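Enquirer: This one is protein17.cif, mmCIF, C-alpha atoms.
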```cif
data_model
loop_
_atom_site.label_atom_id
_atom_site.label_comp_id
_atom_site.auth_asym_id
_atom_site.auth_seq_id
_atom_site.Cartn_x
_atom_site.Cartn_y
_atom_site.Cartn_z
CA MET A 349 103.02 173.10 43.92
CA ARG A 350 99.97 175.23 44.68
CA VAL A 351 96.78 173.42 43.58
CA LEU A 352 93.44 174.84 42.45
CA TYR A 353 90.56 172.36 42.57
CA HIS A 354 88.09 173.46 39.94
CA LEU A 355 85.57 172.65 37.22
CA PRO A 356 86.55 173.89 33.74
CA LEU A 357 83.51 176.02 32.88
CA SER A 358 82.55 177.17 36.39
CA PRO A 359 82.46 181.00 36.54
CA PRO A 360 83.74 181.32 40.15
CA CYS A 361 86.60 178.92 39.33
CA ARG A 362 87.44 180.90 36.22
CA LYS A 363 87.45 184.15 38.19
CA VAL A 364 90.09 182.64 40.50
CA ARG A 365 92.13 181.24 37.58
CA LEU A 366 92.13 184.70 36.00
CA ALA A 367 93.13 186.36 39.29
CA LEU A 368 96.01 183.91 39.75
CA ALA A 369 97.17 184.44 36.16
CA GLU A 370 96.95 188.25 36.37
CA LYS A 371 99.07 188.09 39.52
CA ARG A 372 101.47 185.65 37.78
CA ILE A 373 101.08 183.13 40.59
CA PRO A 374 101.84 179.63 39.27
CA PHE A 375 99.37 176.87 40.10
CA GLU A 376 98.35 173.38 39.09
CA LEU A 377 94.75 172.80 38.05
CA ARG A 378 92.89 169.71 39.25
CA THR A 379 89.40 168.98 38.04
CA GLU A 380 87.17 168.00 40.96
CA ARG A 381 83.93 166.24 40.12
CA VAL A 382 82.26 167.68 43.20
CA TRP A 383 79.09 165.61 42.76
CA GLU A 384 81.15 162.48 43.53
CA ARG A 385 81.70 163.89 47.04
CA ARG A 386 85.19 162.42 47.38
CA ASP A 387 86.13 162.06 51.06
CA GLU A 388 89.54 163.70 50.66
CA PHE A 389 87.91 166.67 48.97
CA LEU A 390 85.16 166.99 51.58
CA ALA A 391 87.92 167.19 54.18
CA LEU A 392 89.25 170.25 52.32
CA ASN A 393 85.82 171.80 51.84
CA PRO A 394 82.76 170.32 53.55
CA ALA A 395 80.57 172.51 51.32
CA ALA A 396 81.71 170.26 48.43
CA THR A 397 82.09 173.23 46.11
CA VAL A 398 84.87 174.48 43.88
CA PRO A 399 87.08 176.48 43.70
CA VAL A 400 89.36 175.40 46.53
CA LEU A 401 92.95 176.63 46.64
CA GLN A 402 95.63 174.65 48.46
CA GLU A 403 98.88 176.49 49.08
CA GLU A 404 102.24 174.70 49.27
CA SER A 405 102.25 175.53 52.99
CA GLY A 406 99.14 173.37 53.35
CA LEU A 407 96.83 176.37 53.83
CA VAL A 408 93.44 175.58 52.29
CA ILE A 409 91.09 178.34 51.13
CA ALA A 410 87.57 177.39 50.06
CA ASP A 411 85.14 179.59 48.16
CA SER A 412 85.93 182.08 45.39
CA TYR A 413 85.25 185.11 47.61
CA ALA A 414 87.62 183.87 50.31
CA ILE A 415 90.26 182.95 47.72
CA CYS A 416 90.14 186.30 45.90
CA GLU A 417 90.35 188.32 49.12
CA TYR A 418 93.22 186.10 50.28
CA LEU A 419 95.12 186.51 47.01
CA ASP A 420 95.00 190.30 47.24
CA GLU A 421 96.17 190.17 50.86
CA ALA A 422 98.93 187.61 50.37
CA TYR A 423 100.12 188.75 46.90
CA PRO A 424 99.50 192.49 46.82
CA ASP A 425 101.84 193.28 43.90
CA MET A 426 99.17 193.43 41.24
CA PRO A 427 96.20 194.68 43.29
CA LEU A 428 92.87 193.50 41.90
CA LEU A 429 90.52 194.94 44.53
CA GLY A 430 91.41 198.62 44.19
CA ARG A 431 93.34 200.86 46.56
CA THR A 432 91.11 203.46 48.23
CA HIS A 433 88.00 202.63 50.24
CA ALA A 434 85.86 204.03 47.42
CA GLU A 435 87.60 201.96 44.75
CA ARG A 436 87.38 198.80 46.83
CA ALA A 437 83.68 199.41 47.54
CA GLU A 438 83.02 199.73 43.81
CA VAL A 439 85.03 196.62 42.88
CA ARG A 440 83.26 194.55 45.53
CA ARG A 441 79.84 195.94 44.62
CA LEU A 442 80.41 194.74 41.05
CA ILE A 443 81.80 191.36 42.13
CA ALA A 444 78.59 190.93 44.14
CA TRP A 445 76.60 192.15 41.11
CA PHE A 446 78.07 189.55 38.77
CA ASP A 447 78.53 186.60 41.13
CA GLY A 448 75.26 187.33 42.94
CA LYS A 449 72.69 189.11 40.79
CA PHE A 450 73.95 188.15 37.31
CA GLY A 451 74.65 184.65 38.60
CA ALA A 452 71.10 184.19 39.89
CA GLU A 453 69.29 185.99 37.06
CA VAL A 454 71.32 184.80 34.07
CA THR A 455 73.98 182.15 34.70
CA ARG A 456 71.71 180.02 36.90
CA ASN A 457 68.94 180.12 34.29
CA LEU A 458 71.09 179.42 31.23
CA PHE A 459 74.38 177.79 32.14
CA TYR A 460 73.04 175.66 35.00
CA GLU A 461 69.94 174.61 33.07
CA LYS A 462 71.74 173.74 29.83
CA GLN A 463 75.15 172.58 31.02
CA MET A 464 75.11 171.51 34.65
CA LYS A 465 71.79 169.67 34.59
CA ARG A 466 73.17 167.46 31.81
CA VAL A 467 76.41 166.79 33.68
CA LEU A 468 74.50 165.99 36.87
CA GLY A 469 71.83 163.91 35.11
CA ARG A 470 69.04 166.16 36.36
CA GLY A 471 67.00 166.19 33.18
CA HIS A 472 66.21 168.75 30.54
CA PRO A 473 66.45 172.53 30.85
CA ASP A 474 63.35 174.22 32.20
CA ALA A 475 61.82 176.34 29.41
CA GLY A 476 60.69 179.07 31.81
CA ALA A 477 64.19 179.37 33.27
CA LEU A 478 65.70 179.68 29.79
CA ARG A 479 63.22 182.39 28.82
CA ALA A 480 63.98 184.31 32.02
CA GLY A 481 67.72 183.89 31.51
CA TYR A 482 67.68 185.28 27.96
CA ALA A 483 65.38 188.13 28.98
CA ASN A 484 67.61 189.04 31.95
CA LEU A 485 70.84 188.88 29.96
CA ARG A 486 69.94 191.89 27.80
CA PRO A 487 69.69 194.56 30.56
CA HIS A 488 72.81 193.12 32.18
CA LEU A 489 74.74 193.50 28.91
CA GLU A 490 73.43 197.03 28.58
CA TYR A 491 74.52 197.89 32.11
CA LEU A 492 77.93 196.34 31.51
CA GLY A 493 78.21 198.32 28.27
CA TRP A 494 77.30 201.52 30.10
CA LEU A 495 80.03 200.87 32.68
CA ALA A 496 82.54 200.06 29.92
CA GLU A 497 81.65 203.25 28.04
CA THR A 498 82.04 205.54 31.02
CA ARG A 499 85.21 204.01 32.52
CA SER A 500 88.45 202.41 31.35
CA TRP A 501 87.49 199.15 33.05
CA LEU A 502 84.25 198.14 34.77
CA ALA A 503 85.13 199.50 38.23
CA GLY A 504 87.32 202.43 37.17
CA GLN A 505 90.78 203.19 35.85
CA ASN A 506 92.29 199.74 36.28
CA LEU A 507 91.45 196.16 35.53
CA THR A 508 90.07 194.59 38.72
CA LEU A 509 88.27 191.53 39.99
CA ALA A 510 85.06 193.19 38.80
CA ASP A 511 86.23 192.64 35.20
CA LEU A 512 87.37 189.11 35.96
CA ALA A 513 84.09 188.18 37.67
CA ALA A 514 82.03 189.57 34.79
CA ALA A 515 84.25 187.99 32.13
CA ALA A 516 84.16 184.63 33.88
CA HIS A 517 80.35 184.50 33.70
CA LEU A 518 80.20 185.77 30.14
CA ALA A 519 82.89 183.36 28.94
CA SER A 520 80.92 180.40 30.26
CA LEU A 521 77.72 181.65 28.62
CA ASP A 522 79.68 182.32 25.43
CA TYR A 523 80.96 178.73 25.49
CA ILE A 524 77.38 177.50 25.19
CA GLY A 525 76.66 180.14 22.53
CA ASP A 526 74.23 182.13 24.65
CA VAL A 527 75.59 185.68 24.46
CA ASP A 528 74.07 187.98 21.85
CA TRP A 529 76.97 190.41 21.51
CA THR A 530 74.97 192.68 19.18
CA VAL A 531 73.07 193.98 22.24
CA SER A 532 75.92 196.26 23.27
CA GLU A 533 78.89 197.25 21.16
CA ALA A 534 80.61 198.64 24.26
CA ALA A 535 80.18 195.37 26.15
CA LYS A 536 81.57 193.49 23.18
CA ASP A 537 84.60 195.81 22.93
CA TRP A 538 85.25 195.41 26.66
CA TYR A 539 85.02 191.61 26.38
CA ALA A 540 87.39 191.63 23.39
CA ARG A 541 89.92 193.55 25.50
CA VAL A 542 89.64 191.11 28.41
CA LYS A 543 89.75 188.15 26.03
CA SER A 544 93.02 189.39 24.51
CA ARG A 545 94.88 189.31 27.81
CA PRO A 546 97.41 186.50 28.33
CA SER A 547 95.55 185.53 31.53
CA PHE A 548 92.55 184.60 29.39
CA ARG A 549 94.29 182.09 27.10
CA PRO A 550 93.71 179.03 29.31
CA ILE A 551 90.02 179.96 29.60
CA LEU A 552 89.72 180.08 25.81
CA ALA A 553 91.47 176.71 25.57
CA ASP A 554 88.96 174.98 27.91
CA ARG A 555 87.05 172.20 26.20
CA VAL A 556 84.34 169.96 27.59
CA SER A 557 84.30 166.59 25.88
CA GLY A 558 81.48 166.07 23.38
CA GLU A 559 80.51 169.71 23.56
CA PRO A 560 82.66 172.04 21.48
CA PRO A 561 82.15 175.80 21.83
CA PRO A 562 80.97 177.91 18.88
CA PRO A 563 83.78 178.97 16.50
CA HIS A 564 83.91 182.56 17.78
CA TYR A 565 84.47 181.42 21.39
CA ALA A 566 88.28 181.47 21.27
CA ASP A 567 88.58 184.26 18.69
CA PRO A 568 89.55 187.64 20.20
CA ASP A 569 88.21 189.33 17.02
CA PHE A 570 84.76 187.78 17.30
CA MET B 160 75.16 210.75 60.63
CA ARG B 161 76.14 207.47 58.98
CA VAL B 162 73.04 205.78 57.48
CA LEU B 163 72.31 202.11 56.92
CA TYR B 164 69.49 201.41 54.46
CA HIS B 165 67.99 198.09 55.43
CA LEU B 166 64.97 195.84 55.87
CA PRO B 167 64.30 194.77 59.47
CA LEU B 168 64.36 190.97 59.10
CA SER B 169 66.86 190.68 56.22
CA PRO B 170 69.79 188.42 57.25
CA PRO B 171 72.49 190.33 55.29
CA CYS B 172 71.23 193.62 56.77
CA ARG B 173 71.27 192.12 60.25
CA LYS B 174 74.82 190.85 59.74
CA VAL B 175 75.91 194.44 58.97
CA ARG B 176 73.93 195.88 61.92
CA LEU B 177 75.65 193.37 64.22
CA ALA B 178 79.08 194.18 62.76
CA LEU B 179 78.52 197.92 63.25
CA ALA B 180 77.30 197.35 66.82
CA GLU B 181 80.21 195.03 67.72
CA LYS B 182 82.59 197.71 66.44
CA ARG B 183 80.62 200.37 68.36
CA ILE B 184 80.16 202.44 65.20
CA PRO B 185 77.07 204.62 65.56
CA PHE B 186 74.58 204.64 62.68
CA GLU B 187 71.05 205.59 61.81
CA LEU B 188 68.77 202.89 60.41
CA ARG B 189 66.48 203.66 57.48
CA THR B 190 64.02 201.09 56.23
CA GLU B 191 64.14 200.89 52.44
CA ARG B 192 61.21 199.22 50.72
CA VAL B 193 63.42 198.09 47.86
CA TRP B 194 60.49 196.78 45.80
CA GLU B 195 59.29 200.38 45.38
CA ARG B 196 62.50 201.09 43.44
CA ARG B 197 62.83 204.67 44.68
CA ASP B 198 64.95 206.72 42.26
CA GLU B 199 67.16 208.20 44.98
CA PHE B 200 67.88 204.72 46.30
CA LEU B 201 68.61 203.27 42.85
CA ALA B 202 71.18 206.05 42.44
CA LEU B 203 72.91 204.69 45.56
CA ASN B 204 72.60 201.06 44.50
CA PRO B 205 71.35 200.14 41.02
CA ALA B 206 70.99 196.53 42.18
CA ALA B 207 68.10 197.81 44.34
CA THR B 208 69.16 195.64 47.27
CA VAL B 209 69.84 196.31 50.92
CA PRO B 210 72.01 196.74 52.91
CA VAL B 211 73.58 199.97 51.67
CA LEU B 212 75.82 201.99 53.98
CA GLN B 213 76.30 205.71 53.46
CA GLU B 214 79.14 207.28 55.39
CA GLU B 215 79.09 210.88 56.57
CA SER B 216 81.79 211.60 53.97
CA GLY B 217 79.28 210.61 51.29
CA LEU B 218 81.00 207.29 50.54
CA VAL B 219 78.36 204.72 49.60
CA ILE B 220 78.96 200.99 50.00
CA ALA B 221 76.41 198.57 48.58
CA ASP B 222 76.16 194.86 49.37
CA SER B 223 76.75 193.16 52.72
CA TYR B 224 80.02 191.55 51.57
CA ALA B 225 81.44 194.91 50.43
CA ILE B 226 80.24 196.63 53.62
CA CYS B 227 81.69 194.04 55.99
CA GLU B 228 85.08 193.99 54.26
CA TYR B 229 85.07 197.80 54.28
CA LEU B 230 84.21 197.98 57.98
CA ASP B 231 87.15 195.76 58.92
CA GLU B 232 89.49 197.85 56.75
CA ALA B 233 88.25 201.25 57.87
CA TYR B 234 87.58 200.42 61.55
CA PRO B 235 90.14 197.73 62.44
CA ASP B 236 89.94 198.12 66.23
CA MET B 237 87.62 195.19 66.85
CA PRO B 238 88.66 192.87 63.98
CA LEU B 239 85.82 190.63 62.82
CA LEU B 240 87.54 188.83 59.94
CA GLY B 241 90.44 187.25 61.85
CA ARG B 242 94.13 188.15 61.79
CA THR B 243 96.21 185.46 60.08
CA HIS B 244 95.62 184.24 56.53
CA ALA B 245 94.36 180.93 57.93
CA GLU B 246 91.93 182.62 60.32
CA ARG B 247 90.63 184.94 57.62
CA ALA B 248 90.18 182.03 55.19
CA GLU B 249 88.11 180.20 57.80
CA VAL B 250 85.97 183.22 58.66
CA ARG B 251 85.26 183.92 54.99
CA ARG B 252 84.58 180.25 54.23
CA LEU B 253 81.90 180.29 56.91
CA ILE B 254 80.45 183.63 55.80
CA ALA B 255 80.12 182.09 52.33
CA TRP B 256 78.66 178.96 53.92
CA PHE B 257 75.90 180.84 55.74
CA ASP B 258 75.18 183.64 53.26
CA GLY B 259 75.57 181.31 50.26
CA LYS B 260 74.82 177.67 51.05
CA PHE B 261 72.60 178.11 54.11
CA GLY B 262 70.94 181.07 52.43
CA ALA B 263 70.07 179.07 49.31
CA GLU B 264 69.20 175.80 51.04
CA VAL B 265 67.35 177.07 54.09
CA THR B 266 66.64 180.82 54.28
CA ARG B 267 65.46 181.03 50.65
CA ASN B 268 63.12 178.08 51.15
CA LEU B 269 61.64 179.15 54.47
CA PHE B 270 62.06 182.86 55.11
CA TYR B 271 61.60 183.98 51.51
CA GLU B 272 58.65 181.67 50.93
CA LYS B 273 56.81 182.50 54.16
CA GLN B 274 57.81 186.10 54.80
CA MET B 275 59.02 187.84 51.65
CA LYS B 276 56.43 186.41 49.26
CA ARG B 277 53.70 187.84 51.50
CA VAL B 278 55.37 191.26 51.65
CA LEU B 279 55.91 191.27 47.88
CA GLY B 280 52.43 189.93 47.11
CA ARG B 281 53.83 186.93 45.28
CA GLY B 282 51.35 184.38 46.57
CA HIS B 283 51.53 181.48 48.97
CA PRO B 284 54.62 179.56 50.05
CA ASP B 285 55.57 176.66 47.79
CA ALA B 286 55.05 173.42 49.73
CA GLY B 287 58.06 171.73 48.11
CA ALA B 288 60.32 174.63 49.04
CA LEU B 289 59.14 174.51 52.65
CA ARG B 290 59.76 170.75 52.86
CA ALA B 291 63.26 171.21 51.41
CA GLY B 292 63.99 174.10 53.77
CA TYR B 293 63.02 172.16 56.90
CA ALA B 294 64.93 169.08 55.72
CA ASN B 295 68.04 171.15 54.97
CA LEU B 296 67.95 173.06 58.26
CA ARG B 297 68.68 169.97 60.34
CA PRO B 298 72.14 169.08 58.93
CA HIS B 299 73.07 172.76 58.98
CA LEU B 300 72.21 172.99 62.69
CA GLU B 301 74.20 169.82 63.31
CA TYR B 302 77.22 171.25 61.47
CA LEU B 303 76.91 174.53 63.37
CA GLY B 304 76.67 172.59 66.62
CA TRP B 305 79.78 170.60 65.72
CA LEU B 306 81.70 173.83 65.05
CA ALA B 307 80.44 175.33 68.31
CA GLU B 308 81.46 172.23 70.26
CA THR B 309 85.00 172.12 68.90
CA ARG B 310 85.79 175.85 69.04
CA SER B 311 85.06 178.86 71.26
CA TRP B 312 83.24 180.55 68.38
CA LEU B 313 82.30 179.24 64.94
CA ALA B 314 85.55 180.17 63.20
CA GLY B 315 87.94 179.78 66.13
CA GLN B 316 88.98 181.53 69.34
CA ASN B 317 87.17 184.83 68.77
CA LEU B 318 83.76 186.06 67.76
CA THR B 319 83.89 186.92 64.05
CA LEU B 320 81.65 187.74 61.12
CA ALA B 321 81.11 183.99 60.75
CA ASP B 322 79.11 184.06 63.99
CA LEU B 323 77.28 187.21 62.96
CA ALA B 324 76.38 185.82 59.52
CA ALA B 325 75.09 182.56 61.01
CA ALA B 326 73.20 184.31 63.80
CA ALA B 327 71.62 186.76 61.36
CA HIS B 328 70.09 183.92 59.33
CA LEU B 329 68.99 181.96 62.39
CA ALA B 330 67.47 185.01 64.07
CA SER B 331 65.28 185.66 61.02
CA LEU B 332 64.18 182.03 60.89
CA ASP B 333 63.59 182.11 64.64
CA TYR B 334 61.38 185.19 64.20
CA ILE B 335 59.02 183.12 62.05
CA GLY B 336 59.28 180.21 64.51
CA ASP B 337 61.11 177.89 62.15
CA VAL B 338 64.15 176.78 64.14
CA ASP B 339 63.88 173.50 66.01
CA TRP B 340 66.52 174.15 68.66
CA THR B 341 66.22 170.61 70.03
CA VAL B 342 68.25 169.37 67.01
CA SER B 343 71.54 170.50 68.54
CA GLU B 344 72.14 171.52 72.12
CA ALA B 345 75.53 172.95 71.13
CA ALA B 346 73.98 175.12 68.42
CA LYS B 347 71.38 176.34 70.90
CA ASP B 348 74.05 177.17 73.49
CA TRP B 349 76.06 179.07 70.89
CA TYR B 350 72.97 181.01 69.80
CA ALA B 351 72.14 181.86 73.42
CA ARG B 352 75.65 183.29 73.80
CA VAL B 353 75.34 185.43 70.63
CA LYS B 354 71.83 186.47 71.62
CA SER B 355 73.05 187.73 75.00
CA ARG B 356 75.50 190.21 73.48
CA PRO B 357 74.56 193.90 73.62
CA SER B 358 74.96 194.06 69.81
CA PHE B 359 72.01 191.69 69.48
CA ARG B 360 69.47 193.73 71.44
CA PRO B 361 68.19 195.77 68.47
CA ILE B 362 67.76 192.54 66.48
CA LEU B 363 65.64 191.06 69.26
CA ALA B 364 63.59 194.28 69.37
CA ASP B 365 62.69 194.13 65.63
CA ARG B 366 58.98 193.78 65.03
CA VAL B 367 57.12 193.47 61.73
CA SER B 368 53.62 194.88 62.00
CA GLY B 369 50.87 192.28 62.19
CA GLU B 370 53.37 189.51 62.65
CA PRO B 371 54.71 189.10 66.16
CA PRO B 372 57.56 186.64 66.77
CA PRO B 373 57.07 183.61 69.04
CA PRO B 374 57.51 184.38 72.77
CA HIS B 375 60.98 182.76 72.97
CA TYR B 376 62.32 184.97 70.15
CA ALA B 377 63.63 187.77 72.37
CA ASP B 378 64.40 185.59 75.39
CA PRO B 379 68.12 184.83 75.84
CA ASP B 380 67.15 181.85 78.06
CA PHE B 381 64.91 180.28 75.44
#
```
As structure tokens, please, write out the structure in this file.
Expert:
Amino acid sequence: MRVLYHLPLSPPCRKVRLALAEKRIPFELRTERVWERRDEFLALNPAATVPVLQEESGLVIADSYAICEYLDEAYPDMPLLGRTHAERAEVRRLIAWFDGKFGAEVTRNLFYEKQMKRVLGRGHPDAGALRAGYANLRPHLEYLGWLAETRSWLAGQNLTLADLAAAAHLASLDYIGDVDWTVSEAAKDWYARVKSRPSFRPILADRVSGEPPPPHYADPDF
Amino acid sequence: MRVLYHLPLSPPCRKVRLALAEKRIPFELRTERVWERRDEFLALNPAATVPVLQEESGLVIADSYAICEYLDEAYPDMPLLGRTHAERAEVRRLIAWFDGKFGAEVTRNLFYEKQMKRVLGRGHPDAGALRAGYANLRPHLEYLGWLAETRSWLAGQNLTLADLAAAAHLASLDYIGDVDWTVSEAAKDWYARVKSRPSFRPILADRVSGEPPPPHYADPDF
């Protein structure tokens, strides 16, 4: 069976889980505590990061960018990167926006500070980082809302990896109760649509022990 | 004419310049002082980052990941991402390694602190960041040297975007005199080979006013 090494709340891992589910590709999830630097895992990915996908053939693909590009090449039936050059440029621009810019400006400041530092025993959240994270989240939600208002999905007519990348980050921030959905009605409506997809059910069922999500987390009518 | 908006020493911009040159795709370079947030540029890329490629057709592609994937799709003659799924997974893993891990652990701590902070008027380099950057550079050079010793090029038999991504970061660090090439003879030999390619000449000719590179910077026999 195909195996995805992951961490439950990690946005890049969730993006890959969503892509696999949208493409109806079956896989087994294995939680990899990357900070333990297990030798067998380092042999799969010397960067010691998740996600890592191992195909039944033995092919190993490390890194969420490499995995997502591979999935669209190897399983093209439900294309998630767009068809024309212009569509693909827009999908990838937005993947880079959410995994890069949103990741550094918001997820790093909130999710890493509040969630990962605790897991890794690296102390308390930095107050300045939290302030920056909350301040940065607002314009990002407004931009996302603007995209959702002017298009069917974030990158255009169809659901793409741009939606999955954005939803993966927001779902992890929503798990720790950090998304103020009143900022943008359009962003909230878009997230409700993504959240209602069958591919999203396992994400909504994720639980980290000792740290339950807020009640609205798994509710599509939040 | 095709236009690439860039900053001269930026590693992701240099990766794209090298990819264009390896594919013999002509382009005009325009320096974009992204911190000025020019309206016309924000219309091309609301993330306000370089590189941005504008094709003669008007197609705009923002972000170095989106541009490089586009170039291999639109101009497949000199493939830079590999051919088989396994080759492409390895090339992309290493692109993610250098643009992601190396970028965060080394380039961010040295090049951003010493070069970009000065340009942006954000004060002096942080001593802790510099220490971390120098400490992190060594194992990265050793890993690069190990790859270069066991393969013709970093990702396998052929020169790929993995080599261009790695060389782009190292060339920018070398410009500010921060690469200790004695750490790995194999890494140095690999860099000398990349540096000798015609595609690299414009990179070696880059100059930032008031800040000349060390004498060995442009010398292929350094």
Enquirer: Starting from the displayed file, determine the output of the PyMOL selection byres ((chain B) within 9 of (chain A)) and express the residue list as an mmCIF file with C-alpha atoms, keeping the file's coordinate frame.
Expert:
```cif
data_model
loop_
_atom_site.group_PDB
_atom_site.id
_atom_site.type_symbol
_atom_site.label_atom_id
_atom_site.label_comp_id
_atom_site.auth_asym_id
_atom_site.auth_seq_id
_atom_site.Cartn_x
_atom_site.Cartn_y
_atom_site.Cartn_z
ATOM 1 C CA ASN B 204 72.600 201.060 44.500
ATOM 2 C CA ALA B 206 70.990 196.530 42.180
ATOM 3 C CA LEU B 218 81.000 207.290 50.540
ATOM 4 C CA VAL B 219 78.360 204.720 49.600
ATOM 5 C CA ILE B 220 78.960 200.990 50.000
ATOM 6 C CA ALA B 221 76.410 198.570 48.580
ATOM 7 C CA ASP B 222 76.160 194.860 49.370
ATOM 8 C CA TYR B 224 80.020 191.550 51.570
ATOM 9 C CA ALA B 225 81.440 194.910 50.430
ATOM 10 C CA ILE B 226 80.240 196.630 53.620
ATOM 11 C CA GLU B 228 85.080 193.990 54.260
ATOM 12 C CA TYR B 229 85.070 197.800 54.280
ATOM 13 C CA GLU B 232 89.490 197.850 56.750
ATOM 14 C CA ALA B 233 88.250 201.250 57.870
ATOM 15 C CA HIS B 244 95.620 184.240 56.530
ATOM 16 C CA ALA B 245 94.360 180.930 57.930
ATOM 17 C CA ARG B 247 90.630 184.940 57.620
ATOM 18 C CA ALA B 248 90.180 182.030 55.190
ATOM 19 C CA GLU B 249 88.110 180.200 57.800
ATOM 20 C CA VAL B 250 85.970 183.220 58.660
ATOM 21 C CA ARG B 251 85.260 183.920 54.990
ATOM 22 C CA ARG B 252 84.580 180.250 54.230
ATOM 23 C CA ALA B 255 80.120 182.090 52.330
ATOM 24 C CA TRP B 256 78.660 178.960 53.920
ATOM 25 C CA LYS B 260 74.820 177.670 51.050
#
```
Enquirer: Find the residues around Ala540 (chain A) up to 10 Å (only C-alpha atoms counted), leave out those fewer than 4 positions away in its own chain, and share them as a CSV table (one decimal) with C-alpha atoms, in the coordinates of the input.
Expert:
```csv
chain,number,residue,atom,x,y,z
A,515,ALA,CA,84.2,188.0,32.1
A,534,ALA,CA,80.6,198.6,24.3
A,535,ALA,CA,80.2,195.4,26.2
A,536,LYS,CA,81.6,193.5,23.2
A,544,SER,CA,93.0,189.4,24.5
A,545,ARG,CA,94.9,189.3,27.8
A,567,ASP,CA,88.6,184.3,18.7
A,568,PRO,CA,89.6,187.6,20.2
A,569,ASP,CA,88.2,189.3,17.0
A,570,PHE,CA,84.8,187.8,17.3
```
Enquirer: For the PyMOL selection byres ((chain B and resi 376) around 9), applied here, can you spell out every residue it catches as number ranges by chain?
Expert: B: 330, 333-336, 363, 372-375, 377-379, 381
Enquirer: Grab the CA of Asn506 (chain A) to CA of Leu357 (chain A) distance for me, in Å with one decimal place.
Expert: 25.5 Å
Enquirer: Would you mind telling me which residue in A:Ala475, A:Ala553, A:Val542, A:Val364 lies nearest to Val398 (chain A) when using all atoms listed in the file?
Expert: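 Distance minimum relative to Val398 (chain A) lands on A:Val364.
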Enquirer: As a list of chain:residue names, please: the residues near Ala369 (chain A) (cut-off 10 Å, all atoms listed in the file, same-chain neighbours under 4 positions excluded).
Expert: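 Listed by chain and then number, they are A:Lys363, A:Val364, A:Arg365, A:Ile373, A:Pro374, A:Phe375, A:Arg545, A:Pro546, A:Ser547, A:Phe548, A:Arg549, A:Pro550.
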Enquirer: Please provide the set of residues having any atom within 12 Å of Pro298 (chain B), restricted to all atoms listed in the file, with same-chain residues fewer than 5 positions apart removed, written as number ranges by chain.
Expert: A: 394-395; B: 260-261, 264-265, 291-293, 303-305, 339, 342-343, 346
Enquirer: Find the residues around Leu306 (chain B) up to 9 Å (only C-alpha atoms counted), leave out those fewer than 5 positions away in its own chain, and share them as a list in words.
Expert: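 Near Leu306 (chain B), the qualifying residues are Glu301, Ser311, Trp312, Leu313, Ala314, Gly315, Ala345 and Ala346 of chain B.
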Enquirer: What is the CA of Thr455 (chain A)-CA of Ser520 (chain A) distance in Å, reported with one decimal?
Expert: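 Computing the Euclidean distance for CA of Thr455 (chain A) and CA of Ser520 (chain A) yields 8.4 Å.
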Enquirer: In Å, rounded to a single decimal, give me how far CA of Pro359 (chain A) is from CA of Ala514 (chain A).
Expert: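 Computing it gives 8.8 Å between the two atoms.
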Enquirer: If you apply the PyMOL selection byres ((chain A and resi 382) around 12) to this file, what residues do you get, as a ChimeraX atom specification?
Expert: /A:353-355,358,378-381,383-390,392-400,464,467-468
Enquirer: What does the file look like for those residues with C-alpha atoms, as an mmCIF file, in the coordinates of the input?
Expert:
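Wrote it out as result.cif, contents follow:
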```
data_model
loop_
_atom_site.group_PDB
_atom_site.id
_atom_site.type_symbol
_atom_site.label_atom_id
_atom_site.label_comp_id
_atom_site.auth_asym_id
_atom_site.auth_seq_id
_atom_site.Cartn_x
_atom_site.Cartn_y
_atom_site.Cartn_z
ATOM 1 C CA TYR A 353 90.560 172.360 42.570
ATOM 2 C CA HIS A 354 88.090 173.460 39.940
ATOM 3 C CA LEU A 355 85.570 172.650 37.220
ATOM 4 C CA SER A 358 82.550 177.170 36.390
ATOM 5 C CA ARG A 378 92.890 169.710 39.250
ATOM 6 C CA THR A 379 89.400 168.980 38.040
ATOM 7 C CA GLU A 380 87.170 168.000 40.960
ATOM 8 C CA ARG A 381 83.930 166.240 40.120
ATOM 9 C CA TRP A 383 79.090 165.610 42.760
ATOM 10 C CA GLU A 384 81.150 162.480 43.530
ATOM 11 C CA ARG A 385 81.700 163.890 47.040
ATOM 12 C CA ARG A 386 85.190 162.420 47.380
ATOM 13 C CA ASP A 387 86.130 162.060 51.060
ATOM 14 C CA GLU A 388 89.540 163.700 50.660
ATOM 15 C CA PHE A 389 87.910 166.670 48.970
ATOM 16 C CA LEU A 390 85.160 166.990 51.580
ATOM 17 C CA LEU A 392 89.250 170.250 52.320
ATOM 18 C CA ASN A 393 85.820 171.800 51.840
ATOM 19 C CA PRO A 394 82.760 170.320 53.550
ATOM 20 C CA ALA A 395 80.570 172.510 51.320
ATOM 21 C CA ALA A 396 81.710 170.260 48.430
ATOM 22 C CA THR A 397 82.090 173.230 46.110
ATOM 23 C CA VAL A 398 84.870 174.480 43.880
ATOM 24 C CA PRO A 399 87.080 176.480 43.700
ATOM 25 C CA VAL A 400 89.360 175.400 46.530
ATOM 26 C CA MET A 464 75.110 171.510 34.650
ATOM 27 C CA VAL A 467 76.410 166.790 33.680
ATOM 28 C CA LEU A 468 74.500 165.990 36.870
#
```
Enquirer: Assuming 8 Å of padding per side, give the centre and edge lengths of the axis-aligned box around every listed atom of region 279-283 of chain B, in Å to one decimal and as JSON.
Expert:
```
{"center_x": 53.6, "center_y": 186.4, "center_z": 47.1, "size_x": 20.6, "size_y": 25.8, "size_z": 19.7}
```
